[in-house]
>>> print(open('input_16.txt').read())   # compact mmCIF, C-alpha atoms and all ligand atoms
# COMPACT_ATOMS: atom_id res chain seq x y z
CA MET H 1 18.16 -56.10 -55.47
CA ASP H 2 21.03 -56.62 -53.07
CA THR H 3 19.62 -56.15 -49.56
CA LEU H 4 21.54 -53.75 -47.34
CA LEU H 5 19.17 -53.37 -44.38
CA THR H 6 16.98 -56.01 -42.75
CA VAL H 7 14.80 -55.09 -39.79
CA GLU H 8 12.79 -57.78 -37.99
CA GLY H 9 10.40 -57.32 -35.11
CA LEU H 10 11.94 -53.98 -34.14
CA THR H 11 10.32 -52.78 -30.94
CA LYS H 12 10.91 -49.78 -28.72
CA HIS H 13 8.84 -49.26 -25.62
CA PHE H 14 9.56 -46.24 -23.47
CA PRO H 15 8.84 -46.62 -19.78
CA VAL H 16 6.53 -43.99 -18.38
CA ARG H 17 6.81 -42.83 -14.81
CA GLY H 18 3.47 -42.33 -13.15
CA GLY H 19 2.99 -40.31 -9.97
CA TRP H 20 4.77 -41.23 -6.71
CA GLY H 21 7.28 -43.49 -8.38
CA ARG H 22 4.72 -45.83 -9.94
CA THR H 23 5.34 -46.99 -13.45
CA GLY H 24 2.61 -46.46 -16.03
CA ALA H 25 1.97 -48.47 -19.19
CA PRO H 26 4.97 -48.02 -21.50
CA VAL H 27 4.66 -46.00 -24.68
CA ARG H 28 4.82 -48.52 -27.51
CA ALA H 29 6.56 -46.13 -29.88
CA VAL H 30 7.67 -48.92 -32.20
CA ASP H 31 5.80 -52.19 -31.94
CA GLY H 32 7.20 -54.90 -34.16
CA VAL H 33 8.47 -53.32 -37.39
CA ASP H 34 9.72 -55.51 -40.25
CA LEU H 35 11.29 -53.97 -43.31
CA THR H 36 14.15 -54.28 -45.75
CA ALA H 37 15.98 -51.80 -47.93
CA GLY H 38 18.17 -52.60 -50.90
CA ARG H 39 21.56 -51.15 -51.64
CA GLY H 40 21.09 -47.85 -53.40
CA GLU H 41 17.36 -47.87 -52.72
CA THR H 42 15.26 -45.18 -51.06
CA LEU H 43 12.68 -46.54 -48.66
CA GLY H 44 10.23 -43.86 -47.59
CA ILE H 45 8.56 -44.08 -44.18
CA VAL H 46 5.36 -42.06 -43.81
CA GLY H 47 2.76 -41.61 -41.14
CA GLU H 48 1.27 -39.02 -38.83
CA SER H 49 3.42 -37.49 -36.13
CA GLY H 50 3.65 -39.89 -33.21
CA CYS H 51 3.41 -43.02 -35.39
CA GLY H 52 6.95 -44.08 -34.45
CA LYS H 53 8.79 -43.31 -37.66
CA SER H 54 11.58 -41.23 -36.06
CA THR H 55 12.00 -43.76 -33.27
CA THR H 56 12.25 -46.50 -35.90
CA GLY H 57 15.04 -44.58 -37.65
CA ARG H 58 16.94 -43.98 -34.42
CA ALA H 59 16.54 -47.56 -33.21
CA ILE H 60 17.86 -48.84 -36.55
CA LEU H 61 20.95 -46.67 -36.12
CA ARG H 62 21.14 -47.77 -32.47
CA LEU H 63 21.13 -44.19 -31.32
CA ILE H 64 18.49 -45.57 -28.98
CA GLU H 65 18.58 -49.14 -27.72
CA PRO H 66 15.71 -51.22 -29.12
CA THR H 67 13.54 -53.15 -26.65
CA ALA H 68 13.47 -56.13 -29.03
CA GLY H 69 14.10 -57.08 -32.62
CA THR H 70 17.00 -57.46 -35.00
CA VAL H 71 18.69 -54.96 -37.28
CA ARG H 72 21.19 -56.25 -39.81
CA VAL H 73 23.22 -53.91 -41.98
CA ASP H 74 25.13 -55.57 -44.78
CA GLY H 75 24.78 -58.90 -42.98
CA THR H 76 26.05 -57.63 -39.59
CA ASP H 77 23.68 -57.97 -36.64
CA LEU H 78 24.16 -54.68 -34.80
CA ALA H 79 23.15 -56.20 -31.46
CA GLY H 80 26.15 -58.52 -31.68
CA LEU H 81 28.67 -55.66 -31.78
CA GLY H 82 30.53 -54.49 -28.70
CA PRO H 83 30.75 -50.74 -27.99
CA ALA H 84 34.04 -50.25 -29.84
CA GLU H 85 32.91 -52.29 -32.85
CA LEU H 86 29.61 -50.42 -32.93
CA ARG H 87 31.48 -47.12 -32.90
CA ARG H 88 33.56 -48.27 -35.84
CA PHE H 89 30.50 -49.61 -37.66
CA ARG H 90 28.62 -46.38 -37.07
CA ARG H 91 30.56 -44.51 -39.71
CA ARG H 92 28.69 -46.60 -42.26
CA MET H 93 25.33 -45.30 -41.00
CA GLN H 94 24.50 -41.64 -40.76
CA LEU H 95 21.56 -39.49 -39.72
CA VAL H 96 20.36 -36.27 -41.32
CA PHE H 97 18.06 -34.28 -39.04
CA GLN H 98 15.07 -32.11 -39.74
CA ASP H 99 16.59 -29.00 -38.27
CA PRO H 100 20.19 -28.50 -39.35
CA TYR H 101 20.40 -25.40 -37.18
CA ALA H 102 19.92 -27.50 -34.08
CA SER H 103 22.31 -30.24 -35.22
CA LEU H 104 25.21 -27.94 -36.15
CA ASP H 105 27.23 -26.36 -33.36
CA PRO H 106 26.70 -22.58 -33.74
CA ARG H 107 30.18 -21.85 -32.35
CA TRP H 108 31.96 -24.00 -34.89
CA THR H 109 32.91 -23.11 -38.44
CA VAL H 110 31.99 -25.55 -41.18
CA GLU H 111 35.62 -26.52 -41.35
CA ARG H 112 35.76 -27.41 -37.67
CA THR H 113 32.49 -29.38 -37.81
CA LEU H 114 33.70 -31.47 -40.72
CA THR H 115 37.28 -31.80 -39.43
CA GLU H 116 35.94 -33.21 -36.16
CA VAL H 117 34.17 -36.03 -38.01
CA LEU H 118 37.25 -36.94 -40.02
CA ARG H 119 39.57 -36.78 -36.98
CA THR H 120 37.26 -39.03 -34.96
CA HIS H 121 36.74 -41.69 -37.60
CA THR H 122 39.76 -41.63 -39.90
CA ASP H 123 43.50 -41.19 -39.63
CA LEU H 124 43.75 -38.74 -42.50
CA GLY H 125 46.54 -36.16 -42.15
CA ARG H 126 45.98 -32.40 -42.14
CA ASP H 127 46.28 -31.84 -45.87
CA ALA H 128 44.10 -34.82 -46.71
CA VAL H 129 41.45 -33.55 -44.29
CA ARG H 130 41.49 -30.11 -45.91
CA GLU H 131 41.23 -31.65 -49.33
CA ARG H 132 38.40 -33.97 -48.35
CA ILE H 133 36.44 -31.03 -46.88
CA GLY H 134 36.92 -28.98 -50.04
CA ASP H 135 35.70 -31.92 -52.13
CA ILE H 136 32.64 -32.68 -50.04
CA LEU H 137 31.56 -29.02 -49.96
CA GLU H 138 31.74 -28.94 -53.73
CA THR H 139 29.82 -32.21 -53.93
CA VAL H 140 26.89 -30.71 -52.02
CA GLY H 141 26.88 -27.51 -54.06
CA LEU H 142 28.80 -25.24 -51.69
CA SER H 143 32.31 -23.94 -52.26
CA ALA H 144 35.62 -24.00 -50.47
CA HIS H 145 35.26 -20.41 -49.25
CA HIS H 146 32.27 -21.49 -47.15
CA ARG H 147 34.55 -23.50 -44.90
CA SER H 148 35.44 -20.63 -42.58
CA ARG H 149 31.82 -19.60 -42.02
CA TYR H 150 29.49 -20.28 -39.09
CA PRO H 151 26.03 -21.90 -39.31
CA HIS H 152 24.16 -18.60 -38.80
CA GLU H 153 25.81 -17.18 -41.93
CA PHE H 154 23.99 -19.68 -44.12
CA SER H 155 20.41 -19.97 -45.37
CA GLY H 156 18.29 -22.92 -44.24
CA GLY H 157 18.91 -24.80 -47.48
CA GLN H 158 22.66 -24.22 -47.25
CA ARG H 159 22.70 -25.44 -43.67
CA GLN H 160 20.96 -28.63 -44.74
CA ARG H 161 23.63 -29.03 -47.44
CA ILE H 162 26.25 -28.79 -44.68
CA SER H 163 24.56 -31.52 -42.64
CA ILE H 164 24.34 -33.67 -45.75
CA ALA H 165 28.05 -33.05 -46.34
CA ARG H 166 28.77 -34.10 -42.77
CA ALA H 167 26.69 -37.27 -43.22
CA LEU H 168 28.47 -38.17 -46.45
CA LEU H 169 32.06 -37.44 -45.35
CA LEU H 170 32.68 -41.07 -44.39
CA ASN H 171 30.99 -42.64 -47.44
CA PRO H 172 28.13 -44.26 -45.50
CA ASP H 173 26.12 -47.23 -46.82
CA LEU H 174 22.95 -46.11 -45.05
CA VAL H 175 21.61 -42.61 -44.46
CA VAL H 176 18.54 -42.14 -42.29
CA ALA H 177 17.03 -38.78 -43.21
CA ASP H 178 14.40 -37.72 -40.67
CA GLU H 179 12.15 -35.02 -42.14
CA PRO H 180 15.21 -33.51 -43.85
CA VAL H 181 13.29 -30.85 -45.78
CA SER H 182 10.29 -30.19 -43.54
CA ALA H 183 11.80 -27.05 -42.06
CA LEU H 184 12.63 -25.56 -45.49
CA ASP H 185 10.64 -23.37 -47.88
CA VAL H 186 8.94 -25.38 -50.62
CA SER H 187 11.21 -23.99 -53.36
CA VAL H 188 14.29 -24.95 -51.37
CA GLN H 189 12.86 -28.40 -50.54
CA ALA H 190 13.02 -29.38 -54.20
CA GLN H 191 16.68 -28.34 -54.46
CA VAL H 192 17.68 -30.36 -51.43
CA ILE H 193 15.69 -33.44 -52.52
CA ASN H 194 17.21 -33.25 -55.98
CA LEU H 195 20.65 -32.95 -54.43
CA MET H 196 19.97 -36.07 -52.34
CA LYS H 197 18.85 -37.95 -55.45
CA ASP H 198 21.96 -36.90 -57.38
CA LEU H 199 24.23 -37.90 -54.52
CA GLN H 200 22.57 -41.32 -54.37
CA GLN H 201 23.11 -41.75 -58.10
CA GLU H 202 26.75 -40.91 -57.64
CA PHE H 203 27.56 -42.81 -54.45
CA GLY H 204 24.92 -45.54 -54.30
CA MET H 205 23.97 -45.28 -50.62
CA THR H 206 20.64 -46.43 -49.23
CA TYR H 207 18.24 -43.83 -47.85
CA LEU H 208 15.62 -44.33 -45.23
CA PHE H 209 13.59 -41.23 -45.89
CA ILE H 210 11.25 -40.37 -43.02
CA SER H 211 8.56 -37.77 -43.64
CA HIS H 212 4.95 -36.90 -42.93
CA ASP H 213 4.80 -35.29 -46.40
CA LEU H 214 3.45 -37.77 -48.95
CA SER H 215 4.37 -35.67 -51.98
CA VAL H 216 8.00 -35.50 -50.95
CA VAL H 217 8.10 -39.21 -50.13
CA ARG H 218 6.49 -40.07 -53.45
CA PHE H 219 9.07 -38.04 -55.33
CA ILE H 220 12.17 -39.57 -53.75
CA SER H 221 11.21 -43.13 -52.71
CA ASP H 222 11.47 -46.41 -54.60
CA ARG H 223 9.23 -48.08 -52.03
CA VAL H 224 7.17 -46.69 -49.19
CA ALA H 225 6.30 -48.04 -45.74
CA VAL H 226 3.21 -46.55 -44.11
CA MET H 227 3.26 -46.57 -40.30
CA TYR H 228 0.40 -46.35 -37.86
CA LEU H 229 0.83 -46.56 -34.07
CA GLY H 230 4.26 -48.11 -34.17
CA ARG H 231 3.60 -50.65 -36.93
CA VAL H 232 4.00 -50.85 -40.67
CA VAL H 233 0.46 -51.22 -42.04
CA GLU H 234 1.39 -51.15 -45.71
CA LEU H 235 4.62 -51.43 -47.68
CA ALA H 236 4.75 -51.27 -51.46
CA ASP H 237 6.54 -49.99 -54.50
CA THR H 238 5.89 -46.24 -54.69
CA ALA H 239 3.95 -46.45 -57.96
CA ASP H 240 1.77 -49.32 -56.68
CA LEU H 241 1.09 -47.58 -53.39
CA PHE H 242 -0.02 -44.30 -54.95
CA ALA H 243 -1.97 -45.90 -57.81
CA ASP H 244 -3.78 -48.44 -55.69
CA PRO H 245 -3.46 -48.09 -51.92
CA LYS H 246 -4.75 -51.24 -50.20
CA HIS H 247 -4.86 -50.33 -46.53
CA PRO H 248 -7.77 -48.10 -45.44
CA TYR H 249 -5.33 -45.89 -43.55
CA THR H 250 -3.17 -45.38 -46.64
CA ARG H 251 -6.32 -44.64 -48.63
CA ALA H 252 -7.30 -41.99 -46.13
CA LEU H 253 -3.85 -40.38 -46.24
CA LEU H 254 -3.77 -40.37 -50.04
CA SER H 255 -7.29 -39.11 -50.48
CA ALA H 256 -6.22 -35.86 -48.85
CA LEU H 257 -3.54 -35.28 -51.51
CA PRO H 258 -4.35 -32.88 -54.33
CA VAL H 259 -4.35 -34.60 -57.74
CA PRO H 260 -3.80 -32.75 -61.02
CA ASP H 261 -6.43 -34.74 -62.94
CA PRO H 262 -9.92 -34.24 -61.44
CA ALA H 263 -11.16 -37.46 -63.08
CA ALA H 264 -8.59 -39.39 -61.10
CA ARG H 265 -9.68 -37.81 -57.85
CA ARG H 266 -10.50 -40.34 -55.22
CA GLU H 267 -13.37 -40.09 -52.93
CA ARG H 268 -12.19 -38.20 -49.90
CA VAL H 269 -11.89 -40.44 -46.87
CA VAL H 270 -12.00 -38.37 -43.73
CA LEU H 271 -10.62 -40.01 -40.63
CA THR H 272 -12.70 -39.48 -37.55
CA GLY H 273 -11.19 -39.35 -34.11
CA ASP H 274 -7.65 -38.63 -32.98
CA LEU H 275 -4.64 -40.88 -33.13
CA PRO H 276 -5.02 -43.13 -30.06
CA SER H 277 -2.33 -43.00 -27.39
CA PRO H 278 0.62 -45.28 -28.13
CA SER H 279 0.68 -46.24 -24.44
CA ASP H 280 -2.81 -47.69 -24.78
CA PRO H 281 -3.24 -48.81 -28.40
CA PRO H 282 -6.61 -50.30 -29.37
CA ALA H 283 -6.90 -54.10 -29.31
CA GLY H 284 -7.27 -56.05 -32.54
CA CYS H 285 -6.38 -53.85 -35.48
CA ALA H 286 -4.92 -50.68 -33.93
CA PHE H 287 -6.64 -48.67 -36.69
CA HIS H 288 -10.15 -49.96 -35.96
CA THR H 289 -11.18 -46.92 -33.92
CA ARG H 290 -10.82 -44.73 -37.03
CA CYS H 291 -11.35 -47.18 -39.87
CA PRO H 292 -14.49 -46.66 -42.00
CA LEU H 293 -14.51 -50.41 -42.86
CA ALA H 294 -13.96 -51.85 -39.38
CA THR H 295 -15.95 -54.95 -38.46
CA GLU H 296 -16.33 -56.90 -35.23
CA ARG H 297 -13.37 -59.07 -36.21
CA CYS H 298 -11.15 -55.97 -36.43
CA ARG H 299 -11.90 -55.11 -32.82
CA VAL H 300 -10.57 -58.42 -31.50
CA GLU H 301 -8.15 -59.91 -34.00
CA ARG H 302 -4.92 -58.24 -34.95
CA PRO H 303 -4.45 -58.50 -38.73
CA GLU H 304 -1.39 -60.39 -39.89
CA THR H 305 0.68 -58.85 -42.66
CA ARG H 306 -0.44 -60.28 -46.00
CA VAL H 307 1.93 -60.39 -48.95
CA LEU H 308 0.15 -59.60 -52.22
CA ALA H 309 1.38 -59.36 -55.79
CA GLY H 310 1.77 -55.76 -56.94
CA GLU H 311 2.45 -54.45 -60.47
CA SER H 312 6.08 -53.78 -59.55
CA GLY H 313 6.74 -56.55 -57.04
CA PRO H 314 5.37 -57.98 -53.82
CA ARG H 315 3.52 -55.64 -51.48
CA GLU H 316 2.47 -56.02 -47.88
CA VAL H 317 -0.77 -55.05 -46.19
CA ALA H 318 -1.82 -55.57 -42.58
CA CYS H 319 -5.62 -55.60 -42.96
CA HIS H 320 -8.26 -58.31 -42.71
CA LEU H 321 -9.84 -57.06 -45.92
CA ALA H 322 -6.64 -57.09 -47.98
CA GLU H 323 -7.39 -60.20 -50.00
FE1 LIG H 401 -9.87 -51.45 -41.04
FE2 LIG H 401 -10.26 -53.89 -40.10
FE3 LIG H 401 -8.53 -53.51 -42.06
FE4 LIG H 401 -7.99 -52.67 -39.59
S1 LIG H 401 -8.23 -54.78 -40.28
S2 LIG H 401 -7.69 -51.54 -41.45
S3 LIG H 401 -10.00 -52.01 -38.91
S4 LIG H 401 -10.73 -53.17 -42.14
MG MG H 402 9.46 -37.33 -35.98
>>> encode(input="input_16.txt", output="structure tokens", more="lines below")
Ligand code: SF4
Ligand code: MG
Amino acid sequence: MDTLLTVEGLTKHFPVRGGWGRTGAPVRAVDGVDLTAGRGETLGIVGESGCGKSTTGRAILRLIEPTAGTVRVDGTDLAGLGPAELRRFRRRMQLVFQDPYASLDPRWTVERTLTEVLRTHTDLGRDAVRERIGDILETVGLSAHHRSRYPHEFSGGQRQRISIARALLLNPDLVVADEPVSALDVSVQAQVINLMKDLQQEFGMTYLFISHDLSVVRFISDRVAVMYLGRVVELADTADLFADPKHPYTRALLSALPVPDPAARRERVVLTGDLPSPSDPPAGCAFHTRCPLATERCRVERPETRVLAGESGPREVACHLAE
């Protein structure tokens, strides 16, 4: 597959201010993430809240400045772009938020919200703008008469359609969707996910689909990256990951999922202990404080990422026991 996105060693540490002006240990929100996504592919990113998945998405889009690491989109190293070039490049990368209500200006009609995007990034004339807005609304399953309405006049699902329309207006190559359906009712979730799948079929953009919900990620993703404490601990083709999770953390996450066939039910792995603080991650394997298989080695030696052969392609696991 043609690679669109390459992320290497992406790191984001947030400084923490202690009392009386002292500086505490930084929060290692993202701590050396490597991943790639192909053109037209959906890469899911899963993990518990606080694992760094949203920060990863924002650092990739350079909405926050990474502490270290490289992000290349379609061969362009984003760190090498000046402010004006980055602004121009940005139209190729869009973000869809969890809560469309918070990301849409309540005082603006749909028309004004969408017009603003086109005015900022294109030199389309008035008629072309109107036409483009009519088209995009239709594309996301709304109609032209919705253009004069305000966000509060829509349902949650419709509002998410509007934010998807806004993200797609400029024909992006990459869309980072951060928990895009988590705030919606389950019945509406399916409609929005199906819409996103259809749009990808039609326009061929790459999705980075961030979610804590494994069922949703399984349904939409071609491959899945599992994050724990700012790192990718496992990355595999979706079918491989769900059929045969290799990392003990992935196994624990999946064992909590309901399965239709009781014979296929895995032994439930219950994680003990809370997620450690990302400002003071455990030494060695960061998962060792909760891992049922941890050995002495895990407490001192950080596991390298191993590349294994999966049924549907190479897969990566950061665990001493992977081989
Ligand atoms: Fe568990 Fe050790 Fe593997 Fe970490 S390296 S996941 S602690 S077995
Ligand atoms: Mg988040």
>>> residues_around(input="input_16.txt", residues="Val270 (chain H)", least_positions_apart="4", cutoff="9 Å", atoms="only C-alpha atoms", output="PyMOL selection string")
chain H and resi 252-253+255-256+292
>>> closest_residue(input="input_16.txt", among="H:Asp74, H:Asp280, H:Asp135, H:Glu85", to="Gly24 (chain H)", atoms="only C-alpha atoms")
H:Asp280
>>> closest_residue(input="input_16.txt", among="H:Asp77, H:Asp123, H:Asp99, H:Glu202", to="Glu179 (chain H)", atoms="all atoms listed in the file")
H:Asp99
>>> closest_atom_pairs(input="input_16.txt", of="region 78-165 of chain H", to="region 51-66 of chain H", cutoff="12 Å", atoms="only C-alpha atoms", output="tab-separated table")
residue	atom	partner	partner_atom	distance
H:Leu78	CA	H:Arg62	CA	7.9
H:Ala79	CA	H:Arg62	CA	8.7
H:Gly80	CA	H:Arg62	CA	11.9
H:Leu81	CA	H:Arg62	CA	10.9
H:Pro83	CA	H:Arg62	CA	11.0
H:Leu86	CA	H:Arg62	CA	8.9
H:Arg87	CA	H:Arg62	CA	10.4
H:Phe89	CA	H:Leu61	CA	10.1
H:Arg90	CA	H:Leu61	CA	7.7
H:Arg91	CA	H:Leu61	CA	10.5
H:Arg92	CA	H:Leu61	CA	9.9
H:Met93	CA	H:Leu61	CA	6.7
H:Gln94	CA	H:Leu61	CA	7.7
H:Leu95	CA	H:Leu61	CA	8.1
H:Val96	CA	H:Gly57	CA	10.5
H:Phe97	CA	H:Ser54	CA	10.0
H:Gln98	CA	H:Ser54	CA	10.4
>>> residues_near_ligand(input="input_16.txt", ligand="ligand LIG 401 (chain H)", cutoff="8 Å", atoms="only C-alpha atoms and all ligand atoms", output="number ranges by chain")
H: 247-249, 284-295, 297-299, 302-303, 318-322
>>> closest_residue(input="input_16.txt", among="H:Leu124, H:Leu199, H:Ser187, H:Glu316", to="Arg161 (chain H)", atoms="only C-alpha atoms")
H:Leu199
>>> atom_distance(input="input_16.txt", atom1="CA of Ala309 (chain H)", atom2="CA of Leu229 (chain H)")
25.2 Å
>>> closest_residue(input="input_16.txt", among="H:Ala167, H:Val140, H:Val233, H:Ala128", to="Leu104 (chain H)", atoms="only C-alpha atoms")
H:Ala167
>>> closest_residue(input="input_16.txt", among="H:Met227, H:Val33, H:Ala243, H:Val27", to="ligand MG 402 (chain H)", atoms="all atoms listed in the file")
H:Met227
>>> atom_distance(input="input_16.txt", atom1="CA of Tyr228 (chain H)", atom2="CA of Lys197 (chain H)")
26.8 Å
>>> closest_residue(input="input_16.txt", among="H:Ala165, H:Ile210, H:Leu142, H:Val269", to="ligand MG 402 (chain H)", atoms="only C-alpha atoms and all ligand atoms")
H:Ile210
>>> atom_distance(input="input_16.txt", atom1="CA of Ser163 (chain H)", atom2="CA of Leu10 (chain H)")
27.1 Å
>>> residues_around(input="input_16.txt", residues="Gly44 (chain H)", least_positions_apart="2", cutoff="12 Å", atoms="all atoms listed in the file", output="ChimeraX atom specification")
/H:35-37,41-42,46-47,53-54,57,175-179,206-227,232,234-238,241
>>> residues_near_point(input="input_16.txt", point="(30.1, -20.5, -35.0)", cutoff="9 Å", atoms="all atoms listed in the file", output="VMD selection string")
chain H and resid 104 to 110 149 to 153
>>> residues_around(input="input_16.txt", residues="Arg126 (chain H)", least_positions_apart="6", cutoff="12 Å", atoms="all atoms listed in the file", output="MDAnalysis selection string")
chainID H and resid 111 115:116 118:119 132:133
>>> decode(input="input_16.txt", residues="region 79-88 of chain H", atoms="all heavy atoms", output="PDB file, in the first residue's frame")
ATOM      1  N   ALA H  79       7.903  19.235  10.167  1.00  0.00           N
ATOM      2  CA  ALA H  79       8.768  20.107  10.975  1.00  0.00           C
ATOM      3  C   ALA H  79       9.556  21.060  10.088  1.00  0.00           C
ATOM      4  O   ALA H  79      10.023  22.103  10.533  1.00  0.00           O
ATOM      5  CB  ALA H  79       9.715  19.271  11.822  1.00  0.00           C
ATOM      6  N   GLY H  80       9.716  20.688   8.811  1.00  0.00           N
ATOM      7  CA  GLY H  80      10.503  21.522   7.907  1.00  0.00           C
ATOM      8  C   GLY H  80       9.699  22.664   7.286  1.00  0.00           C
ATOM      9  O   GLY H  80      10.255  23.466   6.535  1.00  0.00           O
ATOM     10  N   LEU H  81       8.411  22.747   7.598  1.00  0.00           N
ATOM     11  CA  LEU H  81       7.580  23.788   6.983  1.00  0.00           C
ATOM     12  C   LEU H  81       7.567  25.046   7.842  1.00  0.00           C
ATOM     13  O   LEU H  81       7.459  24.979   9.063  1.00  0.00           O
ATOM     14  CB  LEU H  81       6.136  23.289   6.815  1.00  0.00           C
ATOM     15  CG  LEU H  81       5.925  22.051   5.943  1.00  0.00           C
ATOM     16  CD1 LEU H  81       4.439  21.690   5.913  1.00  0.00           C
ATOM     17  CD2 LEU H  81       6.436  22.280   4.534  1.00  0.00           C
ATOM     18  N   GLY H  82       7.664  26.189   7.199  1.00  0.00           N
ATOM     19  CA  GLY H  82       7.487  27.455   7.909  1.00  0.00           C
ATOM     20  C   GLY H  82       6.013  27.661   8.219  1.00  0.00           C
ATOM     21  O   GLY H  82       5.165  26.908   7.729  1.00  0.00           O
ATOM     22  N   PRO H  83       5.689  28.672   9.028  1.00  0.00           N
ATOM     23  CA  PRO H  83       4.297  28.901   9.444  1.00  0.00           C
ATOM     24  C   PRO H  83       3.329  29.028   8.264  1.00  0.00           C
ATOM     25  O   PRO H  83       2.244  28.447   8.292  1.00  0.00           O
ATOM     26  CB  PRO H  83       4.359  30.197  10.240  1.00  0.00           C
ATOM     27  CG  PRO H  83       5.782  30.362  10.645  1.00  0.00           C
ATOM     28  CD  PRO H  83       6.615  29.647   9.634  1.00  0.00           C
ATOM     29  N   ALA H  84       3.709  29.771   7.238  1.00  0.00           N
ATOM     30  CA  ALA H  84       2.799  29.978   6.109  1.00  0.00           C
ATOM     31  C   ALA H  84       2.611  28.687   5.317  1.00  0.00           C
ATOM     32  O   ALA H  84       1.500  28.335   4.929  1.00  0.00           O
ATOM     33  CB  ALA H  84       3.333  31.082   5.202  1.00  0.00           C
ATOM     34  N   GLU H  85       3.734  27.938   5.136  1.00  0.00           N
ATOM     35  CA  GLU H  85       3.641  26.670   4.407  1.00  0.00           C
ATOM     36  C   GLU H  85       2.797  25.665   5.192  1.00  0.00           C
ATOM     37  O   GLU H  85       2.012  24.916   4.623  1.00  0.00           O
ATOM     38  CB  GLU H  85       5.037  26.069   4.212  1.00  0.00           C
ATOM     39  CG  GLU H  85       5.912  26.820   3.231  1.00  0.00           C
ATOM     40  CD  GLU H  85       7.344  26.318   3.301  1.00  0.00           C
ATOM     41  OE1 GLU H  85       7.916  26.262   4.416  1.00  0.00           O
ATOM     42  OE2 GLU H  85       7.874  25.948   2.243  1.00  0.00           O
ATOM     43  N   LEU H  86       2.994  25.673   6.525  1.00  0.00           N
ATOM     44  CA  LEU H  86       2.234  24.751   7.361  1.00  0.00           C
ATOM     45  C   LEU H  86       0.743  25.075   7.266  1.00  0.00           C
ATOM     46  O   LEU H  86      -0.092  24.181   7.161  1.00  0.00           O
ATOM     47  CB  LEU H  86       2.704  24.826   8.820  1.00  0.00           C
ATOM     48  CG  LEU H  86       2.022  23.865   9.799  1.00  0.00           C
ATOM     49  CD1 LEU H  86       2.262  22.408   9.405  1.00  0.00           C
ATOM     50  CD2 LEU H  86       2.516  24.099  11.228  1.00  0.00           C
ATOM     51  N   ARG H  87       0.426  26.367   7.244  1.00  0.00           N
ATOM     52  CA  ARG H  87      -0.978  26.756   7.141  1.00  0.00           C
ATOM     53  C   ARG H  87      -1.566  26.242   5.817  1.00  0.00           C
ATOM     54  O   ARG H  87      -2.673  25.736   5.771  1.00  0.00           O
ATOM     55  CB  ARG H  87      -1.114  28.289   7.230  1.00  0.00           C
ATOM     56  CG  ARG H  87      -2.338  28.710   8.023  1.00  0.00           C
ATOM     57  CD  ARG H  87      -2.369  30.221   8.267  1.00  0.00           C
ATOM     58  NE  ARG H  87      -1.162  30.725   8.885  1.00  0.00           N
ATOM     59  CZ  ARG H  87      -0.381  31.682   8.350  1.00  0.00           C
ATOM     60  NH1 ARG H  87      -0.690  32.225   7.192  1.00  0.00           N
ATOM     61  NH2 ARG H  87       0.695  32.081   8.978  1.00  0.00           N
ATOM     62  N   ARG H  88      -0.782  26.363   4.765  1.00  0.00           N
ATOM     63  CA  ARG H  88      -1.259  25.890   3.467  1.00  0.00           C
ATOM     64  C   ARG H  88      -1.389  24.358   3.454  1.00  0.00           C
ATOM     65  O   ARG H  88      -2.330  23.813   2.915  1.00  0.00           O
ATOM     66  CB  ARG H  88      -0.320  26.359   2.353  1.00  0.00           C
ATOM     67  CG  ARG H  88      -1.046  27.098   1.261  1.00  0.00           C
ATOM     68  CD  ARG H  88      -0.105  27.713   0.241  1.00  0.00           C
ATOM     69  NE  ARG H  88       0.767  28.721   0.818  1.00  0.00           N
ATOM     70  CZ  ARG H  88       2.105  28.692   0.750  1.00  0.00           C
ATOM     71  NH1 ARG H  88       2.723  27.705   0.147  1.00  0.00           N
ATOM     72  NH2 ARG H  88       2.822  29.647   1.299  1.00  0.00           N
TER      73      ARG H  88
END
